[in-house]
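Here is the file start_35.tsv (TSV, C-alpha atoms (C1' of nucleotides)).
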chain	number	residue	atom	x	y	z
T	286	MET	CA	115.93	121.09	120.79
T	287	ARG	CA	115.32	123.92	118.39
T	288	TRP	CA	118.14	126.38	117.91
T	289	GLU	CA	115.98	129.25	119.18
T	290	ASP	CA	115.82	127.48	122.55
T	291	VAL	CA	119.57	126.98	123.00
T	292	ASN	CA	119.96	130.23	124.93
T	293	THR	CA	117.57	128.92	127.59
T	294	GLN	CA	120.33	126.56	128.73
T	295	THR	CA	122.04	127.47	131.99
T	296	CYS	CA	125.41	127.83	130.32
T	297	SER	CA	127.36	130.87	129.26
T	298	ILE	CA	128.86	129.05	126.30
T	299	ALA	CA	125.38	128.09	125.11
T	300	LYS	CA	124.21	131.69	125.48
T	301	ALA	CA	127.28	132.98	123.65
T	302	THR	CA	126.83	130.34	120.97
T	303	SER	CA	123.23	131.41	120.48
T	304	VAL	CA	124.62	134.73	119.24
T	305	PHE	CA	127.47	133.53	117.01
T	306	GLY	CA	126.90	129.82	116.63
T	307	ASP	CA	126.36	130.19	112.91
T	308	ARG	CA	128.53	130.28	109.85
T	309	TRP	CA	129.30	133.98	109.61
T	310	THR	CA	128.67	136.04	112.71
T	311	LEU	CA	132.06	135.64	114.36
T	312	LEU	CA	133.83	136.30	111.06
T	313	ILE	CA	131.85	139.52	110.68
T	314	VAL	CA	132.94	140.57	114.16
T	315	ARG	CA	136.54	139.75	113.19
T	316	GLN	CA	136.34	141.95	110.10
T	317	ILE	CA	135.10	144.88	112.18
T	318	PHE	CA	137.90	144.25	114.69
T	319	LEU	CA	140.45	144.32	111.89
T	320	GLY	CA	139.09	147.62	110.62
T	321	LEU	CA	136.53	146.76	107.95
T	322	ARG	CA	133.46	148.73	108.95
T	323	ARG	CA	131.48	149.34	105.79
T	324	PHE	CA	128.79	147.06	104.46
T	325	SER	CA	130.37	146.57	101.07
T	326	ASP	CA	133.88	146.06	102.47
T	327	ILE	CA	132.68	143.39	104.86
T	328	GLN	CA	130.55	141.80	102.18
T	329	LYS	CA	133.26	141.60	99.53
T	330	SER	CA	136.03	140.63	101.92
T	331	LEU	CA	134.02	137.71	103.32
T	332	GLY	CA	132.27	136.65	100.15
T	333	ILE	CA	129.01	136.48	102.10
T	334	THR	CA	125.78	137.27	100.26
T	335	LYS	CA	124.33	140.71	100.90
T	336	HIS	CA	121.05	139.63	102.41
T	337	ARG	CA	122.80	137.27	104.77
T	338	LEU	CA	125.12	140.06	105.88
T	339	THR	CA	122.16	142.39	106.38
T	340	ASP	CA	120.56	139.71	108.48
T	341	ARG	CA	123.61	139.04	110.64
T	342	LEU	CA	124.40	142.72	111.18
T	343	ASN	CA	120.83	143.34	112.30
T	344	ARG	CA	121.10	140.47	114.72
T	345	LEU	CA	124.38	141.89	116.07
T	346	ILE	CA	122.71	145.27	116.50
T	347	GLU	CA	119.71	143.68	118.24
T	348	GLU	CA	122.09	141.91	120.61
T	349	ASP	CA	123.97	145.17	121.17
T	350	LEU	CA	127.36	143.98	119.92
T	351	VAL	CA	127.36	146.41	117.01
T	352	PHE	CA	125.96	149.87	116.32
T	353	LYS	CA	125.55	151.93	113.16
T	354	HIS	CA	127.49	155.16	112.85
T	355	LEU	CA	126.54	157.73	110.22
T	356	TYR	CA	129.69	158.67	108.30
T	357	ASP	CA	128.14	160.42	105.31
T	358	GLU	CA	125.02	162.51	105.75
T	359	LYS	CA	124.46	163.25	102.07
T	360	TYR	CA	124.49	159.57	101.16
T	361	ASN	CA	122.98	158.45	104.44
T	362	ARG	CA	125.78	155.91	104.75
T	363	PHE	CA	126.68	154.04	107.90
T	364	GLU	CA	129.67	152.31	109.36
T	365	TYR	CA	129.25	149.30	111.61
T	366	ARG	CA	131.18	149.58	114.85
T	367	LEU	CA	131.59	147.38	117.90
T	368	THR	CA	129.97	148.36	121.18
T	369	GLU	CA	131.65	147.65	124.50
T	370	LYS	CA	129.93	144.26	124.51
T	371	GLY	CA	131.32	143.57	121.04
T	372	LEU	CA	134.81	144.83	121.84
T	373	ASP	CA	134.78	142.59	124.88
T	374	LEU	CA	135.00	139.61	122.54
T	375	TYR	CA	138.66	140.31	121.84
T	376	PRO	CA	139.93	137.65	124.28
T	377	VAL	CA	137.74	135.12	122.50
T	378	LEU	CA	139.09	136.15	119.12
T	379	ILE	CA	142.65	136.04	120.42
T	380	THR	CA	142.35	132.57	121.97
T	381	LEU	CA	140.60	131.30	118.85
T	382	THR	CA	143.33	132.80	116.69
T	383	GLN	CA	145.98	131.11	118.75
T	384	TRP	CA	144.25	127.77	118.49
T	385	GLY	CA	143.98	128.20	114.72
T	386	ASP	CA	147.61	129.36	114.53
T	387	LYS	CA	148.75	126.25	116.35
T	388	TRP	CA	146.52	123.60	114.79
T	389	MET	CA	145.18	124.79	111.45
T	390	CYS	CA	147.99	126.91	110.03
T	391	ASP	CA	149.44	126.33	106.58
T	392	SER	CA	153.20	126.11	105.95
T	393	ASP	CA	153.58	129.86	105.33
T	394	GLY	CA	153.18	130.52	109.06
T	395	VAL	CA	150.72	132.57	111.08
T	396	PRO	CA	148.80	135.31	109.23
T	397	VAL	CA	148.77	137.95	111.98
T	398	GLU	CA	150.90	138.62	115.02
T	399	TYR	CA	150.04	140.62	118.11
T	400	VAL	CA	152.55	143.12	119.41
T	401	HIS	CA	152.37	144.16	123.05
T	402	THR	CA	153.03	147.89	122.91
T	403	GLU	CA	154.25	148.08	126.50
T	404	CYS	CA	157.13	145.65	126.04
T	405	GLY	CA	157.37	145.89	122.25
T	406	GLU	CA	157.49	142.15	121.73
T	407	VAL	CA	155.28	139.83	119.71
T	408	ALA	CA	153.03	138.38	122.40
T	409	HIS	CA	151.52	134.92	122.60
T	410	PRO	CA	148.80	135.79	125.08
T	411	ARG	CA	148.37	133.32	127.94
T	412	LEU	CA	145.62	132.90	130.48
T	413	SER	CA	146.64	133.70	134.02
T	414	CYS	CA	144.90	133.66	137.38
T	415	SER	CA	143.29	136.98	138.28
T	416	CYS	CA	144.11	136.28	141.89
T	417	CYS	CA	147.73	135.12	142.03
T	418	GLY	CA	148.79	135.97	138.48
T	419	LYS	CA	150.26	132.56	137.71
T	420	PRO	CA	149.60	130.94	134.33
T	421	LEU	CA	146.52	128.77	134.12
T	422	ASP	CA	146.08	125.54	132.28
T	423	LEU	CA	143.76	122.57	132.35
T	424	SER	CA	145.80	120.81	135.00
T	425	ASN	CA	145.39	123.50	137.64
T	426	LEU	CA	141.76	124.49	137.14
T	427	THR	CA	138.80	122.73	138.71
T	428	LEU	CA	135.13	123.40	138.16
T	429	LYS	CA	132.69	124.42	140.82
T	430	ALA	CA	128.93	124.87	140.56
T	431	GLY	CA	128.26	128.60	140.59
T	432	PRO	CA	125.35	130.56	142.09
T	433	GLY	CA	123.37	130.33	138.84
T	434	VAL	CA	123.24	126.56	139.02
T	435	LEU	CA	122.83	126.32	142.80
T	436	ALA	CA	119.91	128.77	142.83
T	437	LYS	CA	118.03	126.85	140.14
T	438	CYS	CA	118.83	123.58	141.86
T	439	CYS	CA	117.37	124.84	145.17
T	440	ARG	CA	114.26	126.20	143.50
T	441	GLY	CA	113.88	122.89	141.64
T	442	VAL	CA	113.62	124.59	138.27
T	443	MET	CA	116.55	122.94	136.51
T	444	SER	CA	115.79	121.30	133.21
T	445	ASP	CA	116.65	117.63	132.76
T	446	GLU	CA	119.37	118.74	130.36
T	447	ASP	CA	120.99	121.07	132.89
T	448	GLN	CA	120.76	118.40	135.57
T	449	MET	CA	122.61	115.92	133.36
T	450	LEU	CA	125.33	118.47	132.76
T	451	TYR	CA	125.81	119.93	136.21
T	452	GLY	CA	124.89	116.85	138.26
T	453	ARG	CA	128.36	115.43	137.97
T	454	ILE	CA	130.08	118.70	138.77
T	455	MET	CA	128.09	118.91	141.99
T	456	ASP	CA	128.76	115.22	142.70
T	457	ALA	CA	132.48	115.71	142.15
T	458	GLU	CA	132.43	118.68	144.53
T	459	ALA	CA	130.52	116.75	147.18
T	460	LYS	CA	133.07	113.94	146.97
T	461	ALA	CA	135.99	116.35	147.18
T	462	ASP	CA	134.44	117.97	150.28
T	463	LYS	CA	134.21	114.63	152.09
T	464	GLN	CA	137.89	113.89	151.62
Z	165	MET	CA	131.49	132.10	99.17
Z	166	ARG	CA	130.39	128.60	100.02
Z	167	TRP	CA	130.92	127.50	103.57
Z	168	GLU	CA	133.19	124.65	102.43
Z	169	ASP	CA	135.61	127.28	101.10
Z	170	VAL	CA	135.84	129.35	104.28
Z	171	ASN	CA	138.89	127.44	105.51
Z	172	THR	CA	140.81	128.55	102.42
Z	173	GLN	CA	140.94	132.06	103.92
Z	174	THR	CA	144.31	133.14	105.29
Z	175	CYS	CA	142.90	133.58	108.77
Z	176	SER	CA	143.15	131.38	111.83
Z	177	ILE	CA	139.72	132.45	113.02
Z	178	ALA	CA	138.23	131.45	109.67
Z	179	LYS	CA	139.98	128.10	109.83
Z	180	ALA	CA	138.82	127.55	113.40
Z	181	THR	CA	135.31	128.64	112.47
Z	182	SER	CA	135.27	126.15	109.63
Z	183	VAL	CA	135.44	123.43	112.29
Z	184	PHE	CA	132.94	124.73	114.85
Z	185	GLY	CA	131.12	127.54	113.07
Z	186	ASP	CA	127.84	125.69	113.27
Z	187	ARG	CA	125.08	125.36	115.79
Z	188	TRP	CA	126.29	122.42	117.84
Z	189	THR	CA	129.96	121.54	117.51
Z	190	LEU	CA	131.32	123.83	120.22
Z	191	LEU	CA	128.55	122.77	122.60
Z	192	ILE	CA	129.46	119.14	122.00
Z	193	VAL	CA	133.09	119.94	122.83
Z	194	ARG	CA	131.90	121.69	125.99
Z	195	GLN	CA	129.91	118.64	127.09
Z	196	ILE	CA	132.96	116.43	126.67
Z	197	PHE	CA	135.05	118.96	128.63
Z	198	LEU	CA	132.51	118.90	131.44
Z	199	GLY	CA	132.64	115.13	131.59
Z	200	LEU	CA	129.83	113.87	129.35
Z	201	ARG	CA	131.51	111.37	127.08
Z	202	ARG	CA	128.84	108.94	125.96
Z	203	PHE	CA	126.74	109.33	122.88
Z	204	SER	CA	123.43	109.14	124.68
Z	205	ASP	CA	124.51	111.45	127.50
Z	206	ILE	CA	125.65	114.10	125.06
Z	207	GLN	CA	122.56	113.64	122.97
Z	208	LYS	CA	120.05	113.91	125.80
Z	209	SER	CA	121.87	116.69	127.62
Z	210	LEU	CA	121.99	118.87	124.50
Z	211	GLY	CA	118.65	117.93	123.00
Z	212	ILE	CA	120.38	117.47	119.65
Z	213	THR	CA	119.00	114.88	117.25
Z	214	LYS	CA	120.93	111.63	117.04
Z	215	HIS	CA	121.88	111.81	113.39
Z	216	ARG	CA	123.13	115.35	113.79
Z	217	LEU	CA	125.25	114.31	116.75
Z	218	THR	CA	126.62	111.34	114.79
Z	219	ASP	CA	127.49	113.73	112.02
Z	220	ARG	CA	129.23	116.29	114.24
Z	221	LEU	CA	131.18	113.69	116.22
Z	222	ASN	CA	132.44	112.14	113.00
Z	223	ARG	CA	133.54	115.57	111.83
Z	224	LEU	CA	135.35	116.16	115.13
Z	225	ILE	CA	137.07	112.78	114.76
Z	226	GLU	CA	138.03	113.57	111.16
Z	227	GLU	CA	139.53	116.87	112.33
Z	228	ASP	CA	141.33	115.05	115.14
Z	229	LEU	CA	139.72	116.94	118.03
Z	230	VAL	CA	138.01	113.84	119.37
Z	231	PHE	CA	138.71	110.13	119.42
Z	232	LYS	CA	136.64	107.09	120.30
Z	233	HIS	CA	137.63	105.00	123.28
Z	234	LEU	CA	136.21	101.50	123.75
Z	235	TYR	CA	134.85	101.27	127.28
Z	236	ASP	CA	132.76	98.09	126.96
Z	237	GLU	CA	133.99	95.26	124.78
Z	238	LYS	CA	130.91	93.06	125.12
Z	239	TYR	CA	128.59	95.85	123.97
Z	240	ASN	CA	131.16	97.39	121.67
Z	241	ARG	CA	130.45	100.77	123.26
Z	242	PHE	CA	132.64	103.83	122.92
Z	243	GLU	CA	133.31	107.02	124.81
Z	244	TYR	CA	134.19	110.19	122.99
Z	245	ARG	CA	137.28	111.88	124.37
Z	246	LEU	CA	139.22	114.99	123.46
Z	247	THR	CA	142.61	114.72	121.80
Z	248	GLU	CA	145.39	117.17	122.58
Z	249	LYS	CA	144.06	119.37	119.78
Z	250	GLY	CA	140.59	119.26	121.34
Z	251	LEU	CA	141.84	119.84	124.89
Z	252	ASP	CA	143.75	122.83	123.58
Z	253	LEU	CA	140.42	124.57	123.07
Z	254	TYR	CA	140.05	125.17	126.79
Z	255	PRO	CA	141.27	128.80	126.62
Z	256	VAL	CA	138.62	129.43	123.95
Z	257	LEU	CA	135.92	127.87	126.11
Z	258	ILE	CA	137.08	129.84	129.13
Z	259	THR	CA	137.15	133.20	127.37
Z	260	LEU	CA	133.77	132.47	125.77
Z	261	THR	CA	132.38	131.50	129.17
Z	262	GLN	CA	133.63	134.72	130.66
Z	263	TRP	CA	132.05	136.78	127.91
Z	264	GLY	CA	128.75	134.94	128.42
Z	265	ASP	CA	129.05	135.32	132.20
Z	266	LYS	CA	129.51	139.05	131.82
Z	267	TRP	CA	127.02	139.86	129.08
Z	268	MET	CA	124.43	137.12	128.81
Z	269	CYS	CA	123.96	135.91	132.39
Z	270	ASP	CA	120.57	135.70	134.06
Z	271	SER	CA	119.91	137.16	137.52
Z	272	ASP	CA	120.82	133.91	139.32
Z	273	GLY	CA	124.49	134.52	138.60
Z	274	VAL	CA	127.15	132.56	136.77
Z	275	PRO	CA	126.54	128.82	136.27
Z	276	VAL	CA	130.09	127.57	136.78
Z	277	GLU	CA	133.16	128.93	138.52
Z	278	TYR	CA	136.79	128.02	137.95
Z	279	VAL	CA	138.98	127.37	140.95
Z	280	HIS	CA	142.74	127.73	140.58
Z	281	THR	CA	144.07	124.79	142.54
Z	282	GLU	CA	147.46	126.40	143.18
Z	283	CYS	CA	146.07	129.41	145.02
Z	284	GLY	CA	142.70	127.93	145.94
Z	285	GLU	CA	140.74	130.96	144.79
Z	286	VAL	CA	137.98	131.34	142.22
Z	287	ALA	CA	139.86	132.64	139.21
Z	288	HIS	CA	138.69	135.04	136.54
Z	289	PRO	CA	141.30	134.12	133.95
Z	290	ARG	CA	142.96	137.08	132.22
Z	291	LEU	CA	145.12	137.28	129.16
Z	292	SER	CA	148.69	138.27	129.82
Z	293	CYS	CA	151.77	138.84	127.69
Z	294	SER	CA	153.89	135.72	127.24
Z	295	CYS	CA	156.95	137.95	127.18
Z	296	CYS	CA	156.63	140.41	130.08
Z	297	GLY	CA	153.69	138.81	131.92
Z	298	LYS	CA	151.65	142.00	132.16
Z	299	PRO	CA	147.91	141.88	131.51
Z	300	LEU	CA	146.85	142.43	127.93
Z	301	ASP	CA	143.87	144.32	126.63
Z	302	LEU	CA	142.77	145.97	123.43
Z	303	SER	CA	144.53	149.22	124.26
Z	304	ASN	CA	148.01	147.71	124.42
Z	305	LEU	CA	147.92	145.28	121.53
Z	306	THR	CA	148.64	146.15	117.92
Z	307	LEU	CA	148.41	143.96	114.89
Z	308	LYS	CA	151.25	143.08	112.58
Z	309	ALA	CA	151.17	141.14	109.34
Z	310	GLY	CA	152.69	137.73	110.07
Z	311	PRO	CA	154.81	135.48	107.86
Z	312	GLY	CA	151.73	133.71	106.47
Z	313	VAL	CA	150.42	136.93	104.95
Z	314	LEU	CA	153.80	138.33	103.89
Z	315	ALA	CA	154.78	135.12	102.10
Z	316	LYS	CA	151.55	135.03	100.10
Z	317	CYS	CA	151.83	138.73	99.38
Z	318	CYS	CA	155.37	138.30	97.98
Z	319	ARG	CA	154.34	135.31	95.88
Z	320	GLY	CA	151.34	137.28	94.64
Z	321	VAL	CA	148.92	134.53	95.53
Z	322	MET	CA	146.66	136.40	97.93
Z	323	SER	CA	142.97	136.28	97.13
Z	324	ASP	CA	141.11	139.58	96.67
Z	325	GLU	CA	139.35	138.87	99.94
Z	326	ASP	CA	142.59	138.44	101.87
Z	327	GLN	CA	144.03	141.58	100.27
Z	328	MET	CA	141.03	143.62	101.39
Z	329	LEU	CA	141.47	142.32	104.91
Z	330	TYR	CA	145.23	142.52	105.34
Z	331	GLY	CA	145.89	145.49	103.08
Z	332	ARG	CA	145.08	147.97	105.80
Z	333	ILE	CA	147.09	146.16	108.44
Z	334	MET	CA	150.13	146.36	106.19
Z	335	ASP	CA	149.35	150.00	105.35
Z	336	ALA	CA	149.05	150.85	109.05
Z	337	GLU	CA	152.39	149.17	109.69
Z	338	ALA	CA	154.07	151.01	106.82
Z	339	LYS	CA	152.79	154.33	108.19
Z	340	ALA	CA	153.96	153.51	111.71
Z	341	ASP	CA	157.42	152.62	110.38
Z	342	LYS	CA	157.79	156.01	108.65
Z	343	GLN	CA	157.07	157.92	111.83
Q	222	DT	C1'	122.44	160.89	79.55
Q	223	DA	C1'	124.69	156.70	80.83
Q	224	DT	C1'	127.49	154.53	84.21
Q	225	DT	C1'	129.28	153.61	88.80
Q	226	DA	C1'	129.20	153.04	93.91
Q	227	DT	C1'	126.92	151.94	98.24
Q	228	DA	C1'	123.56	149.61	100.62
Q	229	DG	C1'	120.15	147.05	100.42
Q	230	DT	C1'	115.73	143.69	98.99
Q	231	DT	C1'	113.35	139.91	96.43
Q	232	DC	C1'	112.94	135.42	94.40
Q	233	DC	C1'	114.21	130.83	93.95
Q	234	DA	C1'	117.14	126.60	94.21
Q	235	DT	C1'	120.13	124.07	97.24
Q	236	DT	C1'	121.71	122.57	101.96
Q	237	DA	C1'	121.28	121.91	106.74
Q	238	DT	C1'	118.58	120.72	110.50
Q	239	DG	C1'	114.78	118.65	113.45
Q	240	DG	C1'	111.36	114.97	114.56
Q	241	DA	C1'	109.81	110.59	114.49
Q	242	DA	C1'	110.18	105.91	113.45
Q	243	DC	C1'	113.17	101.96	112.58
Q	244	DT	C1'	117.52	98.82	113.50
Q	245	DT	C1'	120.78	95.91	115.98
Q	246	DA	C1'	122.78	93.60	119.70
Q	247	DA	C1'	123.23	92.55	124.37
Q	248	DT	C1'	120.56	92.76	129.15
Q	249	DT	C1'	117.24	92.55	132.31
Q	250	DA	C1'	112.41	91.68	133.89
Q	251	DT	C1'	108.23	88.69	133.87
E	173	DA	C1'	111.10	81.61	127.04
E	174	DT	C1'	109.32	85.95	125.87
E	175	DA	C1'	108.93	90.80	126.31
E	176	DA	C1'	110.78	95.07	127.39
E	177	DT	C1'	114.91	98.07	127.87
E	178	DT	C1'	119.24	100.43	126.75
E	179	DA	C1'	122.97	102.31	123.87
E	180	DA	C1'	124.20	103.79	119.62
E	181	DG	C1'	123.02	104.54	115.58
E	182	DT	C1'	120.33	105.00	110.58
E	183	DT	C1'	116.49	106.26	107.44
E	184	DC	C1'	112.81	109.14	105.79
E	185	DC	C1'	110.61	113.33	105.32
E	186	DA	C1'	109.17	118.20	106.39
E	187	DT	C1'	110.91	122.66	107.68
E	188	DA	C1'	114.51	126.20	108.18
E	189	DA	C1'	118.89	128.34	106.74
E	190	DT	C1'	121.87	129.65	103.14
E	191	DG	C1'	123.76	130.98	98.40
E	192	DG	C1'	123.31	133.13	93.76
E	193	DA	C1'	121.51	136.16	90.76
E	194	DA	C1'	118.69	139.83	89.61
E	195	DC	C1'	116.36	144.03	91.03
E	196	DT	C1'	115.82	148.82	93.64
E	197	DA	C1'	117.08	153.40	95.29
E	198	DT	C1'	119.94	157.41	95.68
E	199	DA	C1'	123.64	160.34	94.86
E	200	DA	C1'	127.95	161.10	92.21
E	201	DT	C1'	130.73	160.95	88.22
E	202	DA	C1'	132.05	160.39	83.05
Starting from the file, lay out its structure as structure tokens.
Amino acid sequence: MRWEDVNTQTCSIAKATSVFGDRWTLLIVRQIFLGLRRFSDIQKSLGITKHRLTDRLNRLIEEDLVFKHLYDEKYNRFEYRLTEKGLDLYPVLITLTQWGDKWMCDSDGVPVEYVHTECGEVAHPRLSCSCCGKPLDLSNLTLKAGPGVLAKCCRGVMSDEDQMLYGRIMDAEAKADKQ
Amino acid sequence: MRWEDVNTQTCSIAKATSVFGDRWTLLIVRQIFLGLRRFSDIQKSLGITKHRLTDRLNRLIEEDLVFKHLYDEKYNRFEYRLTEKGLDLYPVLITLTQWGDKWMCDSDGVPVEYVHTECGEVAHPRLSCSCCGKPLDLSNLTLKAGPGVLAKCCRGVMSDEDQMLYGRIMDAEAKADKQ
DNA sequence: TATTATAGTTCCATTATGGAACTTAATTAT
DNA sequence: ATAATTAAGTTCCATAATGGAACTATAATA
């Protein structure tokens, strides 16, 4: 499968990956999150080549994660800022950071900490259930085929790839229902 | 900067990205999470070429996210399974999934839902503070330079890139302290 | 008038990736 | 007994993505 076709997969991770499944895009988003908004700041701080950065920023603008904001009319200079869609990546960045903090950190300790302004403490954000509020982990989550898969299944338009992936989730559900 | 040098950055996202900042690695991890453990299943379900998959799996094994498990002695066949380090990526996959569900979904709806077995409901996992338990979002989180940055700063061994990135976080903190 | 800063673009060499064919070893079908 | 099949790769080659360095444009500054 060509990379351009990855976002045709019936999978939100595949669709997300089609936007930042490359070497730099997520790091660019991180820089903007951390306050680096100008082309040259992002470029120097990442050590990315200029034309690659141009390319990636344009892609982020196309995908509506980033927009250009004129900050100097005389110079015609722009800042790159995150849209709502871009800002909405913060849980991804936080969970990724935590994984990196735990598994890839050097002996000096974690580079950045997050302070929860309401309670004033350094927070180690956890996932919790939107319904009952209890903490979630692998052991108390099960998968269920959602409407997006079921609809395609009924219409008989699932690709072989999607069938391989979701077949067993639907099988597991069917089994669980019988018991 | 060459890609091989990205993991030298003092940033957990950079270090994490150095492992799966490519086109396929995170999708491979997702397949294993969803239950596809055999080489050929992963290969066919993703449409990735065999030598690329070989390459990425070996990298994941090197980085200790995946290990091989002999499931057929006669054939000498292996399954690929996630280690603790690999399993620990589930919050990343969940937050990524949610972002994709919200922003990149087609009209059929979300492909997969997560059921919280304790309360029995479909959960939309949220980040909450490990200290007070309240939900976290961008508006109530602030950044703080952690020990990893402070130590390097004191020793004077921060790269120019890292200084550009963390300089303003430390400045912002210094300002906040004065007030 | 020469130099610097910001934000790019162009050209070319190096790497990464995709596609197809080939390999090996055990299994099943004819 | 022979041929075809399956799983898990490997090898070869063409195409696509990336990195490095040099070049452009415009306004400001020395």
Please return, as a PyMOL selection string, all residues of chain Z lying within 8 Å of chain E when only C-alpha atoms (C1' of nucleotides) are considered. chain Z and resi 165-166+203-204+214-215+218+241
For the atom pair CA of Leu319 (chain T) and CA of Thr306 (chain Z), what is the interatomic distance in Å to one decimal place?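 Value for the CA of Leu319 (chain T)-CA of Thr306 (chain Z) distance: 10.3 Å.
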Judged by only C-alpha atoms (C1' of nucleotides), the minimum distance to chain Q among T:Glu458, T:Glu406, T:Asp357, T:Glu369 is found for T:Asp357
Determine which residues of chain T sit within 6 Å of chain Z, taking into account all atoms listed in the file, and present them as an mmCIF file with C-alpha atoms, in the frame of the given file.
data_model
loop_
_atom_site.group_PDB
_atom_site.id
_atom_site.type_symbol
_atom_site.label_atom_id
_atom_site.label_comp_id
_atom_site.auth_asym_id
_atom_site.auth_seq_id
_atom_site.Cartn_x
_atom_site.Cartn_y
_atom_site.Cartn_z
ATOM 1 C CA MET T 286 115.930 121.090 120.790
ATOM 2 C CA SER T 297 127.360 130.870 129.260
ATOM 3 C CA ILE T 298 128.860 129.050 126.300
ATOM 4 C CA ALA T 301 127.280 132.980 123.650
ATOM 5 C CA GLY T 306 126.900 129.820 116.630
ATOM 6 C CA ASP T 307 126.360 130.190 112.910
ATOM 7 C CA ARG T 308 128.530 130.280 109.850
ATOM 8 C CA SER T 330 136.030 140.630 101.920
ATOM 9 C CA GLY T 332 132.270 136.650 100.150
ATOM 10 C CA ILE T 333 129.010 136.480 102.100
ATOM 11 C CA VAL T 377 137.740 135.120 122.500
ATOM 12 C CA THR T 380 142.350 132.570 121.970
ATOM 13 C CA LEU T 381 140.600 131.300 118.850
ATOM 14 C CA THR T 382 143.330 132.800 116.690
ATOM 15 C CA GLY T 385 143.980 128.200 114.720
ATOM 16 C CA ASP T 386 147.610 129.360 114.530
ATOM 17 C CA ASP T 393 153.580 129.860 105.330
ATOM 18 C CA GLY T 394 153.180 130.520 109.060
ATOM 19 C CA VAL T 395 150.720 132.570 111.080
ATOM 20 C CA PRO T 396 148.800 135.310 109.230
ATOM 21 C CA VAL T 397 148.770 137.950 111.980
ATOM 22 C CA GLU T 398 150.900 138.620 115.020
ATOM 23 C CA TYR T 399 150.040 140.620 118.110
ATOM 24 C CA VAL T 400 152.550 143.120 119.410
ATOM 25 C CA HIS T 401 152.370 144.160 123.050
ATOM 26 C CA THR T 402 153.030 147.890 122.910
ATOM 27 C CA ALA T 408 153.030 138.380 122.400
ATOM 28 C CA HIS T 409 151.520 134.920 122.600
ATOM 29 C CA PRO T 410 148.800 135.790 125.080
ATOM 30 C CA ARG T 411 148.370 133.320 127.940
ATOM 31 C CA LEU T 412 145.620 132.900 130.480
ATOM 32 C CA SER T 413 146.640 133.700 134.020
ATOM 33 C CA CYS T 414 144.900 133.660 137.380
ATOM 34 C CA SER T 415 143.290 136.980 138.280
ATOM 35 C CA ASN T 425 145.390 123.500 137.640
ATOM 36 C CA LEU T 426 141.760 124.490 137.140
ATOM 37 C CA THR T 427 138.800 122.730 138.710
ATOM 38 C CA LEU T 428 135.130 123.400 138.160
ATOM 39 C CA LYS T 429 132.690 124.420 140.820
ATOM 40 C CA ALA T 430 128.930 124.870 140.560
ATOM 41 C CA GLY T 431 128.260 128.600 140.590
ATOM 42 C CA PRO T 432 125.350 130.560 142.090
ATOM 43 C CA GLY T 433 123.370 130.330 138.840
ATOM 44 C CA VAL T 434 123.240 126.560 139.020
ATOM 45 C CA GLU T 446 119.370 118.740 130.360
ATOM 46 C CA MET T 449 122.610 115.920 133.360
#
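For the residues T:Ile313, T:Ala461, T:Leu338, T:Leu367, ranking by smallest atom-to-atom distance to chain Q using only C-alpha atoms (C1' of nucleotides) places T:Leu338 first.
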Under the rule of at most 9 Å, produce a per-residue listing of chain Q near chain T: chain, number, name, the closest pair of atoms, and the distance in Å, as a tab-separated table, using only C-alpha atoms (C1' of nucleotides).
residue	atom	partner	partner_atom	distance
Q:DT227	C1'	T:Ser325	CA	7.0
Q:DA228	C1'	T:Phe324	CA	7.0
Q:DG229	C1'	T:Lys335	CA	7.6
Q:DT230	C1'	T:His336	CA	7.5
Q:DG239	C1'	T:Arg287	CA	7.2
Report, in Å to a single decimal, how far apart CA of Thr247 (chain Z) and CA of Asp228 (chain Z) are.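 Atom-to-atom, CA of Asp228 (chain Z) to CA of Thr247 (chain Z), that is 6.8 Å.
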